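> Input structure: input_35.pdb, which contains PDB, C-alpha atoms.
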```
ATOM      1  CA  MET E   7     102.718 108.488 126.612
ATOM      2  CA  SER E   8     100.668 105.293 126.398
ATOM      3  CA  GLY E   9      99.828 103.600 123.104
ATOM      4  CA  PRO E  10     102.125 102.529 120.279
ATOM      5  CA  ILE E  11     103.352 104.452 117.251
ATOM      6  CA  VAL E  12     101.032 103.301 114.442
ATOM      7  CA  ILE E  13     102.103 103.777 110.822
ATOM      8  CA  LEU E  14      99.881 103.257 107.785
ATOM      9  CA  GLY E  15     101.897 102.930 104.611
ATOM     10  CA  VAL E  16     103.429 100.860 101.875
ATOM     11  CA  PHE E  17     106.150  98.226 101.750
ATOM     12  CA  VAL E  18     107.979  97.753  98.466
ATOM     13  CA  ALA E  19     111.041  95.679  97.678
ATOM     14  CA  ASP E  20     113.731  98.088  96.507
ATOM     15  CA  THR E  21     115.701  96.952  93.473
ATOM     16  CA  ALA E  22     118.601  99.390  93.419
ATOM     17  CA  TYR E  23     120.919  99.826  90.440
ATOM     18  CA  ARG E  24     124.069 101.963  90.600
ATOM     19  CA  ALA E  25     125.563 103.307  87.366
ATOM     20  CA  GLU E  26     127.493 106.312  86.058
ATOM     21  CA  ARG E  27     124.353 107.711  84.408
ATOM     22  CA  MET E  28     120.754 106.927  83.482
ATOM     23  CA  PRO E  29     120.333 105.028  80.176
ATOM     24  CA  LYS E  30     118.577 106.857  77.324
ATOM     25  CA  MET E  31     115.356 105.372  75.948
ATOM     26  CA  GLY E  32     116.204 102.302  73.850
ATOM     27  CA  GLU E  33     119.753 102.129  75.261
ATOM     28  CA  THR E  34     121.311  99.412  77.442
ATOM     29  CA  ILE E  35     124.264 100.262  79.685
ATOM     30  CA  LEU E  36     126.319  98.270  82.192
ATOM     31  CA  GLY E  37     125.685  99.071  85.844
ATOM     32  CA  ASN E  38     128.224  99.065  88.669
ATOM     33  CA  SER E  39     126.150  97.187  91.262
ATOM     34  CA  PHE E  40     122.703  95.839  92.197
ATOM     35  CA  LYS E  41     121.045  95.448  95.578
ATOM     36  CA  LEU E  42     117.674  94.039  96.642
ATOM     37  CA  GLY E  43     116.316  95.298  99.949
ATOM     38  CA  PRO E  44     113.304  96.590 101.895
ATOM     39  CA  GLY E  45     111.671  99.896 100.993
ATOM     40  CA  GLY E  46     108.435 101.855 100.869
ATOM     41  CA  LYS E  47     108.047 105.043 102.896
ATOM     42  CA  GLY E  48     105.703 103.620 105.523
ATOM     43  CA  SER E  49     107.838 100.536 106.041
ATOM     44  CA  ASN E  50     111.084 102.544 106.128
ATOM     45  CA  GLN E  51     109.568 104.934 108.673
ATOM     46  CA  SER E  52     108.356 102.078 110.855
ATOM     47  CA  VAL E  53     111.835 100.512 110.855
ATOM     48  CA  ALA E  54     113.456 103.877 111.660
ATOM     49  CA  ALA E  55     110.980 104.530 114.493
ATOM     50  CA  ALA E  56     111.524 101.060 115.976
ATOM     51  CA  LYS E  57     115.324 101.265 115.666
ATOM     52  CA  ALA E  58     115.148 104.661 117.392
ATOM     53  CA  GLY E  59     113.422 102.971 120.337
ATOM     54  CA  GLY E  60     109.723 103.230 119.460
ATOM     55  CA  ASP E  61     106.943 100.664 120.043
ATOM     56  CA  VAL E  62     105.767 100.453 116.424
ATOM     57  CA  ARG E  63     102.819  98.843 114.588
ATOM     58  CA  MET E  64     102.882  98.774 110.762
ATOM     59  CA  ILE E  65      99.581  98.676 108.853
ATOM     60  CA  THR E  66      99.676  97.631 105.185
ATOM     61  CA  ARG E  67      98.717  94.995 102.631
ATOM     62  CA  LEU E  68     101.174  92.559 101.042
ATOM     63  CA  GLY E  69     100.955  89.787  98.495
ATOM     64  CA  LYS E  70     101.958  86.225  99.342
ATOM     65  CA  ASP E  71     105.370  86.036  97.679
ATOM     66  CA  ALA E  72     109.129  86.301  98.190
ATOM     67  CA  PHE E  73     108.979  90.096  98.538
ATOM     68  CA  ALA E  74     106.415  89.722 101.358
ATOM     69  CA  ASP E  75     108.920  87.453 103.120
ATOM     70  CA  ILE E  76     111.488  90.291 102.915
ATOM     71  CA  ALA E  77     108.969  92.645 104.553
ATOM     72  CA  LEU E  78     108.164  90.316 107.421
ATOM     73  CA  SER E  79     111.838  89.526 108.030
ATOM     74  CA  THR E  80     112.787  93.227 107.982
ATOM     75  CA  TRP E  81     110.104  94.128 110.513
ATOM     76  CA  SER E  82     110.973  91.178 112.742
ATOM     77  CA  ASP E  83     114.644  92.223 112.811
ATOM     78  CA  ALA E  84     113.764  95.850 113.654
ATOM     79  CA  GLY E  85     111.105  95.028 116.245
ATOM     80  CA  VAL E  86     108.145  96.314 114.217
ATOM     81  CA  VAL E  87     104.828  94.516 114.868
ATOM     82  CA  PRO E  88     103.008  93.853 111.543
ATOM     83  CA  GLU E  89      99.261  94.608 111.471
ATOM     84  CA  ILE E  90      98.723  93.483 107.890
ATOM     85  CA  GLU E  91      96.550  91.646 105.416
ATOM     86  CA  GLN E  92      98.111  89.382 102.772
ATOM     87  CA  VAL E  93      96.150  88.964  99.545
ATOM     88  CA  GLU E  94      96.300  86.164  96.975
ATOM     89  CA  ASP E  95      95.237  88.144  93.912
ATOM     90  CA  SER E  96      97.990  90.786  93.862
ATOM     91  CA  TYR E  97     101.738  91.113  94.446
ATOM     92  CA  THR E  98     103.907  92.763  97.067
ATOM     93  CA  GLY E  99     105.054  96.187  95.877
ATOM     94  CA  ALA E 100     108.389  96.783  94.171
ATOM     95  CA  ALA E 101     110.517  99.813  93.304
ATOM     96  CA  TYR E 102     113.140 100.478  90.640
ATOM     97  CA  ILE E 103     115.827 102.802  92.027
ATOM     98  CA  PHE E 104     118.560 104.300  89.870
ATOM     99  CA  ILE E 105     121.500 105.714  91.857
ATOM    100  CA  GLU E 106     123.996 108.004  90.156
ATOM    101  CA  GLU E 107     127.436 106.748  91.187
ATOM    102  CA  ALA E 108     129.200 110.105  91.443
ATOM    103  CA  THR E 109     126.589 111.941  93.554
ATOM    104  CA  GLY E 110     124.400 109.334  95.258
ATOM    105  CA  ASN E 111     121.316 111.080  93.829
ATOM    106  CA  ASN E 112     118.423 108.847  92.820
ATOM    107  CA  ALA E 113     115.416 108.419  90.499
ATOM    108  CA  ILE E 114     112.634 105.976  91.448
ATOM    109  CA  ILE E 115     109.641 104.123  89.928
ATOM    110  CA  ILE E 116     107.216 102.485  92.399
ATOM    111  CA  SER E 117     104.611  99.763  91.656
ATOM    112  CA  PRO E 118     102.682  99.369  94.932
ATOM    113  CA  GLY E 119     100.866  96.101  94.119
ATOM    114  CA  ALA E 120      98.689  94.922  97.015
ATOM    115  CA  ALA E 121      99.355  98.158  98.927
ATOM    116  CA  GLY E 122      97.598  99.994  96.096
ATOM    117  CA  THR E 123      94.376  98.255  97.213
ATOM    118  CA  ILE E 124      94.464  99.786 100.715
ATOM    119  CA  ASP E 125      90.994 101.338 101.021
ATOM    120  CA  VAL E 126      88.635 102.845 103.601
ATOM    121  CA  PRO E 127      87.078  99.492 104.663
ATOM    122  CA  PHE E 128      90.592  98.120 105.281
ATOM    123  CA  VAL E 129      91.429 101.158 107.444
ATOM    124  CA  ASP E 130      88.129 100.808 109.321
ATOM    125  CA  ARG E 131      89.084  97.230 110.207
ATOM    126  CA  LYS E 132      92.172  98.683 111.928
ATOM    127  CA  ALA E 133      90.242 101.515 113.641
ATOM    128  CA  ASP E 134      90.783 100.338 117.236
ATOM    129  CA  LEU E 135      94.536 100.134 116.723
ATOM    130  CA  ILE E 136      94.723 103.550 115.032
ATOM    131  CA  ALA E 137      92.498 105.232 117.639
ATOM    132  CA  GLY E 138      94.648 103.811 120.456
ATOM    133  CA  ALA E 139      97.954 105.122 119.071
ATOM    134  CA  SER E 140     100.071 107.678 120.909
ATOM    135  CA  VAL E 141     101.411 108.843 117.517
ATOM    136  CA  PHE E 142      99.873 108.033 114.129
ATOM    137  CA  MET E 143     101.754 108.670 110.870
ATOM    138  CA  THR E 144     100.965 108.131 107.216
ATOM    139  CA  GLN E 145     102.195 109.174 103.753
ATOM    140  CA  LEU E 146     100.735 109.359 100.230
ATOM    141  CA  GLU E 147     101.977 106.101  98.686
ATOM    142  CA  GLN E 148      98.720 104.274  99.457
ATOM    143  CA  PRO E 149      95.411 105.600  98.040
ATOM    144  CA  MET E 150      94.441 109.031  99.403
ATOM    145  CA  PRO E 151      90.972 108.113 100.823
ATOM    146  CA  ALA E 152      92.590 105.544 103.126
ATOM    147  CA  ALA E 153      95.104 108.106 104.417
ATOM    148  CA  VAL E 154      92.356 110.667 105.093
ATOM    149  CA  ARG E 155      90.168 108.114 106.893
ATOM    150  CA  ALA E 156      93.075 106.932 109.050
ATOM    151  CA  LEU E 157      93.926 110.517 110.049
ATOM    152  CA  GLU E 158      90.260 111.063 110.987
ATOM    153  CA  ILE E 159      90.246 107.959 113.212
ATOM    154  CA  ALA E 160      93.583 108.917 114.815
ATOM    155  CA  ARG E 161      92.382 112.473 115.491
ATOM    156  CA  GLU E 162      89.127 111.214 117.042
ATOM    157  CA  GLY E 163      91.133 108.826 119.245
ATOM    158  CA  GLY E 164      93.428 111.573 120.520
ATOM    159  CA  ALA E 165      96.642 110.448 118.791
ATOM    160  CA  ILE E 166      99.315 112.905 117.677
ATOM    161  CA  THR E 167      98.923 112.907 113.871
ATOM    162  CA  ILE E 168     101.750 113.234 111.340
ATOM    163  CA  LEU E 169     101.345 113.415 107.561
ATOM    164  CA  ASN E 170     104.453 112.980 105.455
ATOM    165  CA  PRO E 171     102.990 114.214 102.120
ATOM    166  CA  ALA E 172     105.222 112.077  99.930
ATOM    167  CA  PRO E 173     105.213 111.550  97.061
ATOM    168  CA  ALA E 174     103.751 115.013  96.441
ATOM    169  CA  ALA E 175     100.075 115.018  95.452
ATOM    170  CA  GLU E 176      97.035 117.282  95.474
ATOM    171  CA  LEU E 177      95.692 117.178  99.046
ATOM    172  CA  PRO E 178      91.916 117.044  99.552
ATOM    173  CA  GLU E 179      90.255 120.008 101.262
ATOM    174  CA  GLY E 180      90.455 119.603 105.027
ATOM    175  CA  MET E 181      93.195 116.956 105.096
ATOM    176  CA  LEU E 182      95.815 119.262 106.623
ATOM    177  CA  ALA E 183      93.357 120.225 109.378
ATOM    178  CA  LEU E 184      93.627 116.604 110.595
ATOM    179  CA  CYS E 185      97.414 116.957 111.018
ATOM    180  CA  ASP E 186      99.313 118.032 114.107
ATOM    181  CA  TYR E 187     102.463 117.909 111.965
ATOM    182  CA  VAL E 188     102.966 117.924 108.204
ATOM    183  CA  THR E 189     106.513 117.015 107.105
ATOM    184  CA  PRO E 190     107.215 117.700 103.407
ATOM    185  CA  ASN E 191     110.649 118.063 101.860
ATOM    186  CA  GLU E 192     111.469 121.098  99.684
ATOM    187  CA  SER E 193     109.942 119.773  96.465
ATOM    188  CA  GLU E 194     106.828 118.438  98.220
ATOM    189  CA  ALA E 195     106.316 121.747 100.044
ATOM    190  CA  GLU E 196     106.648 123.574  96.715
ATOM    191  CA  ALA E 197     104.173 121.207  95.012
ATOM    192  CA  ILE E 198     101.570 121.630  97.779
ATOM    193  CA  THR E 199     101.890 125.410  98.244
ATOM    194  CA  GLY E 200     103.019 126.586  94.796
ATOM    195  CA  LEU E 201     105.830 128.556  96.474
ATOM    196  CA  PRO E 202     109.547 128.051  95.747
ATOM    197  CA  VAL E 203     111.470 126.421  98.618
ATOM    198  CA  THR E 204     115.221 126.857  98.130
ATOM    199  CA  THR E 205     116.151 128.787 101.313
ATOM    200  CA  VAL E 206     115.135 128.734 104.972
ATOM    201  CA  GLU E 207     113.233 132.010 104.432
ATOM    202  CA  GLU E 208     111.264 130.528 101.531
ATOM    203  CA  ALA E 209     110.568 127.436 103.645
ATOM    204  CA  GLN E 210     109.082 129.692 106.339
ATOM    205  CA  ALA E 211     106.703 131.237 103.797
ATOM    206  CA  ALA E 212     105.637 127.800 102.558
ATOM    207  CA  ALA E 213     105.212 126.573 106.145
ATOM    208  CA  GLU E 214     103.001 129.575 106.905
ATOM    209  CA  MET E 215     100.760 128.594 103.976
ATOM    210  CA  LEU E 216     100.538 125.005 105.278
ATOM    211  CA  LEU E 217      99.382 126.416 108.631
ATOM    212  CA  ALA E 218      96.827 128.599 106.824
ATOM    213  CA  ARG E 219      95.455 125.415 105.220
ATOM    214  CA  GLY E 220      94.899 123.850 108.626
ATOM    215  CA  ALA E 221      98.083 122.098 109.820
ATOM    216  CA  LYS E 222      98.977 122.806 113.448
ATOM    217  CA  ALA E 223     102.699 122.759 112.656
ATOM    218  CA  ALA E 224     104.851 122.319 109.555
ATOM    219  CA  ILE E 225     108.287 120.737 109.429
ATOM    220  CA  ILE E 226     110.034 121.190 106.096
ATOM    221  CA  THR E 227     113.093 119.012 105.564
ATOM    222  CA  LEU E 228     115.763 120.831 103.558
ATOM    223  CA  GLY E 229     118.325 118.173 102.628
ATOM    224  CA  GLU E 230     121.842 119.330 103.466
ATOM    225  CA  LYS E 231     120.353 122.530 104.985
ATOM    226  CA  GLY E 232     118.654 120.579 107.796
ATOM    227  CA  ALA E 233     115.008 121.154 108.721
ATOM    228  CA  LEU E 234     112.656 123.995 109.632
ATOM    229  CA  TYR E 235     110.014 123.805 112.383
ATOM    230  CA  HIS E 236     107.203 126.351 112.093
ATOM    231  CA  ASP E 237     103.988 126.739 114.089
ATOM    232  CA  ALA E 238     101.775 129.638 115.164
ATOM    233  CA  THR E 239     104.173 130.779 117.888
ATOM    234  CA  ARG E 240     107.704 129.816 116.832
ATOM    235  CA  SER E 241     109.949 129.093 113.896
ATOM    236  CA  GLU E 242     113.239 127.223 114.371
ATOM    237  CA  HIS E 243     115.868 125.978 111.917
ATOM    238  CA  VAL E 244     117.960 122.917 112.835
ATOM    239  CA  PRO E 245     121.063 122.203 110.716
ATOM    240  CA  VAL E 246     122.229 118.738 109.707
ATOM    241  CA  PHE E 247     124.873 116.954 111.747
ATOM    242  CA  PRO E 248     128.199 116.496 109.875
ATOM    243  CA  VAL E 249     128.820 112.807 110.609
ATOM    244  CA  GLY E 250     130.625 111.537 107.507
ATOM    245  CA  LYS E 251     130.696 111.214 103.723
ATOM    246  CA  VAL E 252     127.321 111.043 101.959
ATOM    247  CA  VAL E 253     126.964 107.570 100.431
ATOM    248  CA  GLU E 254     123.276 107.579  99.464
ATOM    249  CA  THR E 255     120.385 109.960 100.164
ATOM    250  CA  THR E 256     117.595 107.385  99.559
ATOM    251  CA  GLY E 257     115.464 107.009 102.682
ATOM    252  CA  ALA E 258     116.887 109.994 104.585
ATOM    253  CA  GLY E 259     113.447 111.575 104.865
ATOM    254  CA  ASP E 260     112.031 108.287 106.162
ATOM    255  CA  ALA E 261     114.771 108.058 108.798
ATOM    256  CA  PHE E 262     113.897 111.605 109.833
ATOM    257  CA  ASN E 263     110.152 110.956 110.067
ATOM    258  CA  GLY E 264     110.519 107.673 111.953
ATOM    259  CA  ALA E 265     112.864 109.156 114.532
ATOM    260  CA  PHE E 266     110.689 112.284 114.836
ATOM    261  CA  ALA E 267     107.647 110.096 115.593
ATOM    262  CA  THR E 268     109.606 108.210 118.266
ATOM    263  CA  GLY E 269     110.768 111.476 119.804
ATOM    264  CA  LEU E 270     107.180 112.716 120.058
ATOM    265  CA  ALA E 271     105.992 109.370 121.482
ATOM    266  CA  GLU E 272     108.677 109.674 124.162
ATOM    267  CA  GLY E 273     107.362 113.114 125.116
ATOM    268  CA  MET E 274     110.063 115.289 123.546
ATOM    269  CA  ASP E 275     109.344 118.898 122.671
ATOM    270  CA  PRO E 276     108.659 118.935 118.895
ATOM    271  CA  VAL E 277     111.833 120.897 118.094
ATOM    272  CA  GLU E 278     113.870 118.417 120.155
ATOM    273  CA  ALA E 279     112.124 115.563 118.325
ATOM    274  CA  MET E 280     112.993 117.289 115.040
ATOM    275  CA  ARG E 281     116.640 117.556 116.139
ATOM    276  CA  PHE E 282     116.595 113.803 116.948
ATOM    277  CA  GLY E 283     115.146 113.201 113.466
ATOM    278  CA  CYS E 284     117.871 115.307 111.849
ATOM    279  CA  ALA E 285     120.550 113.321 113.691
ATOM    280  CA  CYS E 286     119.111 110.005 112.492
ATOM    281  CA  ALA E 287     118.779 111.269 108.906
ATOM    282  CA  SER E 288     122.367 112.589 109.003
ATOM    283  CA  ILE E 289     123.624 109.151 110.009
ATOM    284  CA  SER E 290     121.397 107.387 107.455
ATOM    285  CA  VAL E 291     122.948 109.105 104.405
ATOM    286  CA  THR E 292     126.400 107.794 105.364
ATOM    287  CA  ARG E 293     125.159 104.216 104.774
ATOM    288  CA  PRO E 294     123.800 102.511 101.645
ATOM    289  CA  GLY E 295     120.199 101.303 101.412
ATOM    290  CA  THR E 296     116.969 102.639 102.922
ATOM    291  CA  ALA E 297     115.709 100.581 105.875
TER     292      ALA E 297
END
```
How does this structure look as structure tokens?


Amino acid sequence: MSGPIVILGVFVADTAYRAERMPKMGETILGNSFKLGPGGKGSNQSVAAAKAGGDVRMITRLGKDAFADIALSTWSDAGVVPEIEQVEDSYTGAAYIFIEEATGNNAIIISPGAAGTIDVPFVDRKADLIAGASVFMTQLEQPMPAAVRALEIAREGGAITILNPAPAAELPEGMLALCDYVTPNESEAEAITGLPVTTVEEAQAAAEMLLARGAKAAIITLGEKGALYHDATRSEHVPVFPVGKVVETTGAGDAFNGAFATGLAEGMDPVEAMRFGCACASISVTRPGTA
């Protein structure tokens, strides 16, 4: 398949704190460790796609600061080509991540900074790149109108389109009809459809509703239960791969989406691409950090 994988999304510098528990309001506690590293769903997905062998272009906006330097260095190391604008009057995004020591579970606050100013005119300036993609993917961390416009351009150009609807948000009418694949996790699928998603059977019902709203296919990631592929003609569940002790779940969904995009760009059947994504996500949770 000709054309690169093009990803519109956000970079944020992850500031990750590990502790036994979350502090209560007004309380200060001692943490066990701190780590600064690259994050943001779009950036994480671009790194995962490139590390999985994809030819990847990352579209975003950064500030001109030390966190922007982390972004550019991360992409350079992974082989991601930046297609970005850097702005003077804002800052590169940052995220606070609390990680519970005993479980590896996390709670996150994101301040997108310059990426929060990604708008339709910015996307239009990248229209030739987006239209020429083999696979185009975006998420919901940048403003919604930009994501919708980019999906429109990608669809018109003939790219395979993927929406990772994270973090969960109200989707505008018609947005799912622009998507060849929509890839929510359990909580995102529940937020979009209003249906509970705790089992594979419930995931199938939610996936059916996503198809009814216009998506060509739905892939619902189910954490330790793997992932479900569902389209008009088939429904397949792929389990996770047991590859080691879970160290941290942050970024597992991004590893999945990046590898899935690479699989599609390489011409894999979508269920095979999903299996490739599950393998990458399974490996990712055995290692600390996101990208």

> Convert the output of the PyMOL selection byres ((chain E and resi 77) around 10) on the shown file into explicit residues, formatted as a ChimeraX atom specification.

/E:17-19,43-46,49,68,72-76,78-82,88,98

> Those same residues, written as an mmCIF file, keeping the file's coordinate frame with C-alpha atoms?


```
data_model
loop_
_atom_site.group_PDB
_atom_site.id
_atom_site.type_symbol
_atom_site.label_atom_id
_atom_site.label_comp_id
_atom_site.auth_asym_id
_atom_site.auth_seq_id
_atom_site.Cartn_x
_atom_site.Cartn_y
_atom_site.Cartn_z
ATOM 1 C CA PHE E 17 106.150 98.226 101.750
ATOM 2 C CA VAL E 18 107.979 97.753 98.466
ATOM 3 C CA ALA E 19 111.041 95.679 97.678
ATOM 4 C CA GLY E 43 116.316 95.298 99.949
ATOM 5 C CA PRO E 44 113.304 96.590 101.895
ATOM 6 C CA GLY E 45 111.671 99.896 100.993
ATOM 7 C CA GLY E 46 108.435 101.855 100.869
ATOM 8 C CA SER E 49 107.838 100.536 106.041
ATOM 9 C CA LEU E 68 101.174 92.559 101.042
ATOM 10 C CA ALA E 72 109.129 86.301 98.190
ATOM 11 C CA PHE E 73 108.979 90.096 98.538
ATOM 12 C CA ALA E 74 106.415 89.722 101.358
ATOM 13 C CA ASP E 75 108.920 87.453 103.120
ATOM 14 C CA ILE E 76 111.488 90.291 102.915
ATOM 15 C CA LEU E 78 108.164 90.316 107.421
ATOM 16 C CA SER E 79 111.838 89.526 108.030
ATOM 17 C CA THR E 80 112.787 93.227 107.982
ATOM 18 C CA TRP E 81 110.104 94.128 110.513
ATOM 19 C CA SER E 82 110.973 91.178 112.742
ATOM 20 C CA PRO E 88 103.008 93.853 111.543
ATOM 21 C CA THR E 98 103.907 92.763 97.067
#
```

> Residues picked by the PyMOL selection byres ((chain E and resi 21) around 6) here, as a CSV table (one decimal) with C-alpha atoms, keeping the file's coordinate frame?


```
chain,number,residue,atom,x,y,z
E,20,ASP,CA,113.7,98.1,96.5
E,22,ALA,CA,118.6,99.4,93.4
E,41,LYS,CA,121.0,95.4,95.6
E,42,LEU,CA,117.7,94.0,96.6
E,101,ALA,CA,110.5,99.8,93.3
E,102,TYR,CA,113.1,100.5,90.6
```

> Might you pull out every residue within 9 Å of stretch 270-277 of chain E, with only C-alpha atoms counted and same-chain residues fewer than 2 positions away left off, and present them as a VMD selection string?

chain E and resid 7 to 11 60 to 61 140 to 141 166 235 242 to 244 265 to 268 279 to 282

> If you measure from atom CA of E:Val126 to atom CA of E:Ala100, what distance in Å do you get, rounded to one decimal?

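Taking atom CA of E:Val126 as the start and atom CA of E:Ala100 as the end point, the length is 22.7 Å.
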
> Which value, in Å to one decimal, gives the distance between atom CA of E:Leu135 and atom CA of E:Ile159?

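For atom CA of E:Leu135 relative to atom CA of E:Ile159, the distance reads 9.6 Å.
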
> Just so the selection is clear, what residues does the PyMOL selection byres ((chain E and resi 169-181) around 7) cover here, as JSON, numbers by chain?

{"E": [143, 144, 145, 146, 147, 154, 167, 168, 182, 183, 184, 185, 187, 188, 189, 190, 194, 197, 198]}

> Counting only C-alpha atoms, what are the residues of stretch 35-100 of chain E within 10 Å of stretch 104-112 of chain E, and for each of them which pair of atoms is the nearest and at what distance in Å, to one decimal? Sort the table by chain and rising number, as CSV.


```
residue,atom,partner,partner_atom,distance
E:Gly37,CA,E:Glu107,CA,9.5
E:Asn38,CA,E:Glu107,CA,8.1
E:Ser39,CA,E:Glu107,CA,9.6
E:Phe40,CA,E:Phe104,CA,9.7
```

> By how many Å are atom CA of E:Ala258 and atom CA of E:Glu158 apart?

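Taking atom CA of E:Ala258 and atom CA of E:Glu158, their separation equals 27.4 Å.
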
> Write out as a list in words each polymer residue whose atoms come within 8 Å of E:Ser52, counting all atoms listed in the file; drop sequence neighbours fewer than 3 positions from it.

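In the requested format, the answer is Ile13, Gly48, Ser49, Ala55, Ala56, Val62, Arg63, Met64, Val86 and Gly264 of chain E.
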
> Do you know which residues are at most 8 Å from E:Gln148 counting only C-alpha atoms, after dropping those on the same chain fewer than 6 positions away, and could you put them as a PyMOL selection string?

chain E and resi 15-16+118+121-124

> For a quick check of your reading of the model, name the residues lying within 10 Å of the coordinate (104.5, 129.9, 107.1), counting only C-alpha atoms, and write them as an mmCIF file with C-alpha atoms, keeping the file's coordinate frame.


```
data_model
loop_
_atom_site.group_PDB
_atom_site.id
_atom_site.type_symbol
_atom_site.label_atom_id
_atom_site.label_comp_id
_atom_site.auth_asym_id
_atom_site.auth_seq_id
_atom_site.Cartn_x
_atom_site.Cartn_y
_atom_site.Cartn_z
ATOM 1 C CA GLU E 207 113.233 132.010 104.432
ATOM 2 C CA GLU E 208 111.264 130.528 101.531
ATOM 3 C CA ALA E 209 110.568 127.436 103.645
ATOM 4 C CA GLN E 210 109.082 129.692 106.339
ATOM 5 C CA ALA E 211 106.703 131.237 103.797
ATOM 6 C CA ALA E 212 105.637 127.800 102.558
ATOM 7 C CA ALA E 213 105.212 126.573 106.145
ATOM 8 C CA GLU E 214 103.001 129.575 106.905
ATOM 9 C CA MET E 215 100.760 128.594 103.976
ATOM 10 C CA LEU E 216 100.538 125.005 105.278
ATOM 11 C CA LEU E 217 99.382 126.416 108.631
ATOM 12 C CA ALA E 218 96.827 128.599 106.824
ATOM 13 C CA ALA E 223 102.699 122.759 112.656
ATOM 14 C CA ALA E 224 104.851 122.319 109.555
ATOM 15 C CA TYR E 235 110.014 123.805 112.383
ATOM 16 C CA HIS E 236 107.203 126.351 112.093
ATOM 17 C CA ASP E 237 103.988 126.739 114.089
ATOM 18 C CA ALA E 238 101.775 129.638 115.164
ATOM 19 C CA SER E 241 109.949 129.093 113.896
#
```

> Which polymer residues, whether protein, DNA or RNA, lie within 9 Å of the coordinate (117.8, 119.0, 111.7) when you count all atoms listed in the file? List them as a ChimeraX atom specification, using the chain letters and numbers from the file.

/E:227-228,231-234,243-247,262,277,280-285,287-288

> Using only C-alpha atoms, can you tell me which of E:Arg155, E:Gly229, E:Ala58, E:Lys47 comes closest to E:Ala133?

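Of E:Arg155, E:Gly229, E:Ala58, E:Lys47, the one nearest E:Ala133 is E:Arg155, counting only C-alpha atoms.
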